[in-house]
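Student: Structure: coords30.cif, mmCIF, C-alpha atoms; chains and numbers go by the auth columns.
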data_work
#
loop_
_atom_site.group_PDB
_atom_site.id
_atom_site.type_symbol
_atom_site.label_atom_id
_atom_site.label_comp_id
_atom_site.label_asym_id
_atom_site.label_seq_id
_atom_site.Cartn_x
_atom_site.Cartn_y
_atom_site.Cartn_z
_atom_site.B_iso_or_equiv
_atom_site.auth_seq_id
_atom_site.auth_asym_id
ATOM 1 C CA MET A 1 71.389 12.297 39.297 0.00 1 A
ATOM 2 C CA HIS A 2 74.935 13.215 38.413 0.00 2 A
ATOM 3 C CA LYS A 3 76.822 16.115 36.859 0.00 3 A
ATOM 4 C CA SER A 4 79.388 16.453 34.077 0.00 4 A
ATOM 5 C CA ARG A 5 81.021 19.012 31.799 0.00 5 A
ATOM 6 C CA LEU A 6 84.013 19.553 29.555 0.00 6 A
ATOM 7 C CA GLY A 7 86.937 19.939 31.916 0.00 7 A
ATOM 8 C CA VAL A 8 90.327 19.662 30.228 0.00 8 A
ATOM 9 C CA VAL A 9 91.858 19.802 26.761 0.00 9 A
ATOM 10 C CA VAL A 10 94.706 17.266 26.741 0.00 10 A
ATOM 11 C CA ILE A 11 97.568 17.562 24.269 0.00 11 A
ATOM 12 C CA ASP A 12 98.942 14.029 23.811 0.00 12 A
ATOM 13 C CA CYS A 13 102.645 14.153 22.944 0.00 13 A
ATOM 14 C CA GLU A 14 104.474 11.187 21.448 0.00 14 A
ATOM 15 C CA THR A 15 107.999 12.435 22.105 0.00 15 A
ATOM 16 C CA ASP A 16 111.465 11.633 23.374 0.00 16 A
ATOM 17 C CA ASP A 17 111.795 15.181 24.776 0.00 17 A
ATOM 18 C CA PHE A 18 108.728 15.991 26.850 0.00 18 A
ATOM 19 C CA ASP A 19 110.365 19.119 28.296 0.00 19 A
ATOM 20 C CA ARG A 20 110.860 20.520 24.770 0.00 20 A
ATOM 21 C CA GLU A 21 107.168 19.927 24.030 0.00 21 A
ATOM 22 C CA ALA A 22 106.186 21.633 27.294 0.00 22 A
ATOM 23 C CA GLU A 23 108.356 24.638 26.433 0.00 23 A
ATOM 24 C CA PHE A 24 106.796 24.873 22.954 0.00 24 A
ATOM 25 C CA TRP A 25 103.198 24.748 24.210 0.00 25 A
ATOM 26 C CA SER A 26 103.971 27.071 27.121 0.00 26 A
ATOM 27 C CA ARG A 27 105.380 29.695 24.764 0.00 27 A
ATOM 28 C CA ALA A 28 102.740 29.103 22.089 0.00 28 A
ATOM 29 C CA LEU A 29 99.815 29.492 24.497 0.00 29 A
ATOM 30 C CA GLY A 30 101.345 31.900 27.015 0.00 30 A
ATOM 31 C CA GLY A 31 101.044 29.867 30.210 0.00 31 A
ATOM 32 C CA ALA A 32 103.767 28.484 32.455 0.00 32 A
ATOM 33 C CA ALA A 33 104.339 24.729 32.314 0.00 33 A
ATOM 34 C CA ASN A 34 104.031 23.093 35.741 0.00 34 A
ATOM 35 C CA ARG A 35 105.379 19.590 36.199 0.00 35 A
ATOM 36 C CA SER A 36 104.077 17.662 39.197 0.00 36 A
ATOM 37 C CA PRO A 37 106.746 16.645 41.750 0.00 37 A
ATOM 38 C CA ASP A 38 104.883 13.323 42.155 0.00 38 A
ATOM 39 C CA PRO A 39 106.793 10.608 40.210 0.00 39 A
ATOM 40 C CA GLU A 40 103.471 8.848 39.568 0.00 40 A
ATOM 41 C CA ASN A 41 102.485 11.877 37.449 0.00 41 A
ATOM 42 C CA GLU A 42 105.734 12.315 35.484 0.00 42 A
ATOM 43 C CA ASN A 43 103.882 11.933 32.174 0.00 43 A
ATOM 44 C CA TYR A 44 101.725 15.010 32.819 0.00 44 A
ATOM 45 C CA ILE A 45 102.496 18.734 32.680 0.00 45 A
ATOM 46 C CA GLU A 46 99.799 21.292 33.413 0.00 46 A
ATOM 47 C CA LEU A 47 99.800 24.583 31.503 0.00 47 A
ATOM 48 C CA GLU A 48 98.670 27.589 33.516 0.00 48 A
ATOM 49 C CA THR A 49 95.493 29.244 32.269 0.00 49 A
ATOM 50 C CA ALA A 50 93.323 32.082 33.515 0.00 50 A
ATOM 51 C CA PRO A 51 90.755 31.014 36.141 0.00 51 A
ATOM 52 C CA ASP A 52 87.877 31.256 33.647 0.00 52 A
ATOM 53 C CA ASP A 53 89.742 29.468 30.794 0.00 53 A
ATOM 54 C CA MET A 54 89.714 25.772 29.935 0.00 54 A
ATOM 55 C CA ASN A 55 92.324 23.662 31.752 0.00 55 A
ATOM 56 C CA LEU A 56 95.191 22.506 29.497 0.00 56 A
ATOM 57 C CA LEU A 57 97.280 19.419 30.136 0.00 57 A
ATOM 58 C CA LEU A 58 100.217 17.870 28.277 0.00 58 A
ATOM 59 C CA GLN A 59 100.411 14.084 28.443 0.00 59 A
ATOM 60 C CA LYS A 60 103.385 12.017 27.292 0.00 60 A
ATOM 61 C CA VAL A 61 102.020 9.057 25.332 0.00 61 A
ATOM 62 C CA GLU A 62 103.179 6.104 23.234 0.00 62 A
ATOM 63 C CA HIS A 63 100.558 6.532 20.498 0.00 63 A
ATOM 64 C CA PRO A 64 100.596 9.190 17.747 0.00 64 A
ATOM 65 C CA SER A 65 100.253 12.753 18.987 0.00 65 A
ATOM 66 C CA ARG A 66 96.730 14.152 19.060 0.00 66 A
ATOM 67 C CA VAL A 67 94.415 16.263 21.187 0.00 67 A
ATOM 68 C CA HIS A 68 91.656 14.742 23.301 0.00 68 A
ATOM 69 C CA LEU A 69 89.015 16.019 25.701 0.00 69 A
ATOM 70 C CA ASP A 70 88.457 15.129 29.342 0.00 70 A
ATOM 71 C CA ILE A 71 84.880 15.260 30.570 0.00 71 A
ATOM 72 C CA GLU A 72 84.813 15.790 34.309 0.00 72 A
ATOM 73 C CA THR A 73 82.026 14.187 36.304 0.00 73 A
ATOM 74 C CA ASP A 74 81.008 13.515 39.873 0.00 74 A
ATOM 75 C CA ASP A 75 79.928 9.958 38.917 0.00 75 A
ATOM 76 C CA ILE A 76 82.169 8.304 36.327 0.00 76 A
ATOM 77 C CA GLU A 77 80.113 5.109 36.037 0.00 77 A
ATOM 78 C CA ALA A 78 76.808 6.970 35.573 0.00 78 A
ATOM 79 C CA GLU A 79 78.362 9.262 32.961 0.00 79 A
ATOM 80 C CA ALA A 80 79.890 6.295 31.092 0.00 80 A
ATOM 81 C CA ALA A 81 76.489 4.589 31.022 0.00 81 A
ATOM 82 C CA ARG A 82 74.779 7.798 29.830 0.00 82 A
ATOM 83 C CA LEU A 83 77.291 8.231 27.006 0.00 83 A
ATOM 84 C CA GLU A 84 77.062 4.550 26.018 0.00 84 A
ATOM 85 C CA LYS A 85 73.322 5.104 25.459 0.00 85 A
ATOM 86 C CA LEU A 86 74.324 7.901 23.067 0.00 86 A
ATOM 87 C CA GLY A 87 76.627 5.550 21.129 0.00 87 A
ATOM 88 C CA ALA A 88 80.001 5.837 22.895 0.00 88 A
ATOM 89 C CA LYS A 89 82.082 2.789 23.813 0.00 89 A
ATOM 90 C CA ARG A 90 84.322 2.092 26.795 0.00 90 A
ATOM 91 C CA VAL A 91 87.876 1.444 25.625 0.00 91 A
ATOM 92 C CA ALA A 92 89.982 1.081 28.784 0.00 92 A
ATOM 93 C CA LYS A 93 89.888 1.777 32.504 0.00 93 A
ATOM 94 C CA ILE A 94 93.091 3.570 33.566 0.00 94 A
ATOM 95 C CA LYS A 95 93.730 4.355 37.224 0.00 95 A
ATOM 96 C CA ARG A 96 90.536 6.236 38.213 0.00 96 A
ATOM 97 C CA TRP A 97 89.141 7.153 34.782 0.00 97 A
ATOM 98 C CA TRP A 98 87.616 5.656 31.648 0.00 98 A
ATOM 99 C CA VAL A 99 88.950 6.119 28.130 0.00 99 A
ATOM 100 C CA MET A 100 85.879 6.297 25.890 0.00 100 A
ATOM 101 C CA GLU A 101 85.336 6.399 22.144 0.00 101 A
ATOM 102 C CA ALA A 102 82.668 8.483 20.425 0.00 102 A
ATOM 103 C CA PRO A 103 80.741 6.998 17.470 0.00 103 A
ATOM 104 C CA SER A 104 83.086 9.035 15.210 0.00 104 A
ATOM 105 C CA GLY A 105 86.123 7.210 16.649 0.00 105 A
ATOM 106 C CA HIS A 106 87.370 10.183 18.695 0.00 106 A
ATOM 107 C CA ARG A 107 88.806 9.206 22.046 0.00 107 A
ATOM 108 C CA PHE A 108 88.017 11.116 25.242 0.00 108 A
ATOM 109 C CA CYS A 109 88.279 10.463 28.964 0.00 109 A
ATOM 110 C CA LEU A 110 85.843 10.557 31.861 0.00 110 A
ATOM 111 C CA VAL A 111 87.618 11.926 34.927 0.00 111 A
ATOM 112 C CA ASN A 112 86.835 13.174 38.419 0.00 112 A
ATOM 113 C CA PRO A 113 86.144 16.923 38.763 0.00 113 A
ATOM 114 C CA GLN A 114 89.242 18.965 37.911 0.00 114 A
ATOM 115 C CA ARG A 115 88.086 22.566 37.986 0.00 115 A
ATOM 116 C CA ALA A 116 87.314 24.485 41.182 0.00 116 A
ATOM 117 C CA ASP A 117 83.987 25.716 39.781 0.00 117 A
ATOM 118 C CA PHE A 118 82.771 22.261 38.745 0.00 118 A
ATOM 119 C CA GLU A 119 79.560 22.344 40.798 0.00 119 A
ATOM 120 C CA GLU A 120 78.239 25.626 39.420 0.00 120 A
ATOM 121 C CA GLY A 121 79.367 25.005 35.821 0.00 121 A
ATOM 122 C CA ALA A 122 78.329 21.389 35.290 0.00 122 A
ATOM 123 C CA ASN A 123 75.286 20.000 33.497 0.00 123 A
ATOM 124 C CA GLU A 124 72.933 17.901 35.637 0.00 124 A
ATOM 125 C CA TRP A 125 71.718 14.552 34.267 0.00 125 A
ATOM 126 C CA GLU A 126 69.026 12.169 35.499 0.00 126 A
#
Translate the structure described by the file into structure tokens.

Tutor:
Amino acid sequence: MHKSRLGVVVIDCETDDFDREAEFWSRALGGAANRSPDPENENYIELETAPDDMNLLLQKVEHPSRVHLDIETDDIEAEAARLEKLGAKRVAKIKRWWVMEAPSGHRFCLVNPQRADFEEGANEWE
């Protein structure tokens, strides 16, 4: 058995000025933009949200701007297999997560748990 749930809404930004995009989304949505000091994470800026709100993340990308979902799970391989049975396809393995594609063509990612309340909020799958 494993668990999963919607964890993060990711705003993909194709931009030459990532700080400008972070300022826009921070002001538009009312949460401070927090850049990680880790150089390995320079393409990510987290937007502060209330504890019971969805996590929001800005990601600097080289493809056209769009929004995608991250599904958090305690077993990425089991969740990928479960979603493949529903019609999804694996697109690429990046670092520790899978980029997937729904039958509709929408991209989403399978990631490790991100939210502190993952255990109590997640769906359980056999």

Student: For Pro64 in chain A, please output as an MDAnalysis selection string all residues within 9 Å (counting all atoms listed in the file; exclusion window: fewer than 5 positions along the same chain).

Tutor: chainID A and resid 12:14

Student: I'd like to see the residues matched by the PyMOL selection byres ((chain A and resi 91-93) around 12) on this file, and ideally I'd get them as a ChimeraX atom specification.

Tutor: /A:76-77,80,84,88-90,94-102,105-111

Student: From the list A:Glu46, A:Met1, A:Ser65, A:Asp38, which residue is nearest Thr15 in chain A when using all atoms listed in the file?

Tutor: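 Answer, going by the shortest atom-to-atom distance: A:Ser65.
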
Student: Would you compute the distance between CA of Ser4 in chain A and CA of Thr73 in chain A? Give it in Å to one decimal.

Tutor: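 Separating CA of Ser4 in chain A from CA of Thr73 in chain A is a distance of 4.1 Å.
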
Student: When distances are computed from only C-alpha atoms, which of A:Asn34, A:Thr49, A:Ser104, A:Asn43 shows the smallest separation from Asp16 in chain A?

Tutor: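 The shortest atom-to-atom distance to Asp16 in chain A comes from A:Asn43.
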
Student: Using all atoms of range 3-15 of chain A that appear in the file, construct an axis-aligned enclosing box with 5 Å of padding on every side and provide its centre coordinates and edge lengths in Å, rounded to one decimal, as JSON.

Tutor:
{"center_x": 92.4, "center_y": 15.6, "center_z": 29.2, "size_x": 41.2, "size_y": 18.8, "size_z": 25.4}

Student: Given the file above and the PyMOL selection byres ((chain A and resi 67) around 7), which residues are selected, and can you give them as number ranges by chain?

Tutor: A: 10-12, 66, 68

Student: Could you write out as number ranges by chain the residues that the PyMOL selection byres ((chain A and resi 113) around 8) matches in the shown file?

Tutor: A: 7, 72-74, 111-112, 114-115, 118

Student: Of the candidates A:Asp75, A:Glu119, A:Glu48, A:Glu62, which shows the shortest atom-to-atom distance to Phe18 in chain A, using all atoms listed in the file?

Tutor: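 Using all atoms listed in the file, Phe18 in chain A sits closest to A:Glu62.
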
Student: Between A:Leu86, A:Ala28, A:Leu57, A:Leu47, which has the minimum distance to Val8 in chain A (counting only C-alpha atoms)?

Tutor: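 Once distances to Val8 in chain A are computed over only C-alpha atoms, the minimum belongs to A:Leu57.
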
Student: Measure the distance from CA of Leu6 in chain A to CA of Leu69 in chain A in Å and round it to one decimal.

Tutor: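 Taking CA of Leu6 in chain A and CA of Leu69 in chain A, their separation equals 7.2 Å.
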
Student: Could you give me range 51-69 of chain A completed to N, CA and C atoms, formatted as a PDB file, in the coordinates of the input?

Tutor:
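To be explicit, this is the file written out as out_34.pdb:
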ATOM      1  N   PRO A  51      91.764  31.757  35.380  1.00  0.00           N
ATOM      2  CA  PRO A  51      90.755  31.014  36.141  1.00  0.00           C
ATOM      3  C   PRO A  51      89.484  30.682  35.353  1.00  0.00           C
ATOM      4  N   ASP A  52      89.099  31.521  34.407  1.00  0.00           N
ATOM      5  CA  ASP A  52      87.877  31.256  33.647  1.00  0.00           C
ATOM      6  C   ASP A  52      88.140  30.575  32.300  1.00  0.00           C
ATOM      7  N   ASP A  53      89.401  30.187  32.028  1.00  0.00           N
ATOM      8  CA  ASP A  53      89.742  29.468  30.794  1.00  0.00           C
ATOM      9  C   ASP A  53      89.677  27.956  31.014  1.00  0.00           C
ATOM     10  N   MET A  54      89.665  27.230  29.911  1.00  0.00           N
ATOM     11  CA  MET A  54      89.714  25.772  29.935  1.00  0.00           C
ATOM     12  C   MET A  54      91.054  25.314  30.515  1.00  0.00           C
ATOM     13  N   ASN A  55      91.069  24.242  31.280  1.00  0.00           N
ATOM     14  CA  ASN A  55      92.324  23.662  31.752  1.00  0.00           C
ATOM     15  C   ASN A  55      93.033  22.992  30.579  1.00  0.00           C
ATOM     16  N   LEU A  56      94.368  23.118  30.542  1.00  0.00           N
ATOM     17  CA  LEU A  56      95.191  22.506  29.497  1.00  0.00           C
ATOM     18  C   LEU A  56      96.213  21.594  30.145  1.00  0.00           C
ATOM     19  N   LEU A  57      96.370  20.406  29.579  1.00  0.00           N
ATOM     20  CA  LEU A  57      97.280  19.419  30.136  1.00  0.00           C
ATOM     21  C   LEU A  57      98.071  18.782  29.007  1.00  0.00           C
ATOM     22  N   LEU A  58      99.389  18.646  29.196  1.00  0.00           N
ATOM     23  CA  LEU A  58     100.217  17.870  28.277  1.00  0.00           C
ATOM     24  C   LEU A  58     100.357  16.477  28.866  1.00  0.00           C
ATOM     25  N   GLN A  59     100.278  15.472  28.001  1.00  0.00           N
ATOM     26  CA  GLN A  59     100.411  14.084  28.443  1.00  0.00           C
ATOM     27  C   GLN A  59     101.392  13.382  27.519  1.00  0.00           C
ATOM     28  N   LYS A  60     102.433  12.799  28.085  1.00  0.00           N
ATOM     29  CA  LYS A  60     103.385  12.017  27.292  1.00  0.00           C
ATOM     30  C   LYS A  60     102.764  10.658  27.019  1.00  0.00           C
ATOM     31  N   VAL A  61     102.703  10.287  25.736  1.00  0.00           N
ATOM     32  CA  VAL A  61     102.020   9.057  25.332  1.00  0.00           C
ATOM     33  C   VAL A  61     102.893   8.224  24.395  1.00  0.00           C
ATOM     34  N   GLU A  62     102.473   6.993  24.152  1.00  0.00           N
ATOM     35  CA  GLU A  62     103.179   6.104  23.234  1.00  0.00           C
ATOM     36  C   GLU A  62     102.409   5.881  21.945  1.00  0.00           C
ATOM     37  N   HIS A  63     101.316   6.595  21.753  1.00  0.00           N
ATOM     38  CA  HIS A  63     100.558   6.532  20.498  1.00  0.00           C
ATOM     39  C   HIS A  63     100.781   7.843  19.751  1.00  0.00           C
ATOM     40  N   PRO A  64     100.380   7.940  18.488  1.00  0.00           N
ATOM     41  CA  PRO A  64     100.596   9.190  17.747  1.00  0.00           C
ATOM     42  C   PRO A  64     100.005  10.401  18.470  1.00  0.00           C
ATOM     43  N   SER A  65     100.699  11.512  18.356  1.00  0.00           N
ATOM     44  CA  SER A  65     100.253  12.753  18.987  1.00  0.00           C
ATOM     45  C   SER A  65      98.882  13.158  18.482  1.00  0.00           C
ATOM     46  N   ARG A  66      98.072  13.683  19.393  1.00  0.00           N
ATOM     47  CA  ARG A  66      96.730  14.152  19.060  1.00  0.00           C
ATOM     48  C   ARG A  66      96.229  14.988  20.234  1.00  0.00           C
ATOM     49  N   VAL A  67      95.062  15.526  20.112  1.00  0.00           N
ATOM     50  CA  VAL A  67      94.415  16.263  21.187  1.00  0.00           C
ATOM     51  C   VAL A  67      93.161  15.490  21.577  1.00  0.00           C
ATOM     52  N   HIS A  68      92.899  15.370  22.865  1.00  0.00           N
ATOM     53  CA  HIS A  68      91.656  14.742  23.301  1.00  0.00           C
ATOM     54  C   HIS A  68      91.031  15.555  24.428  1.00  0.00           C
ATOM     55  N   LEU A  69      89.774  15.306  24.681  1.00  0.00           N
ATOM     56  CA  LEU A  69      89.015  16.019  25.701  1.00  0.00           C
ATOM     57  C   LEU A  69      88.839  15.154  26.939  1.00  0.00           C
TER      58      LEU A  69
END
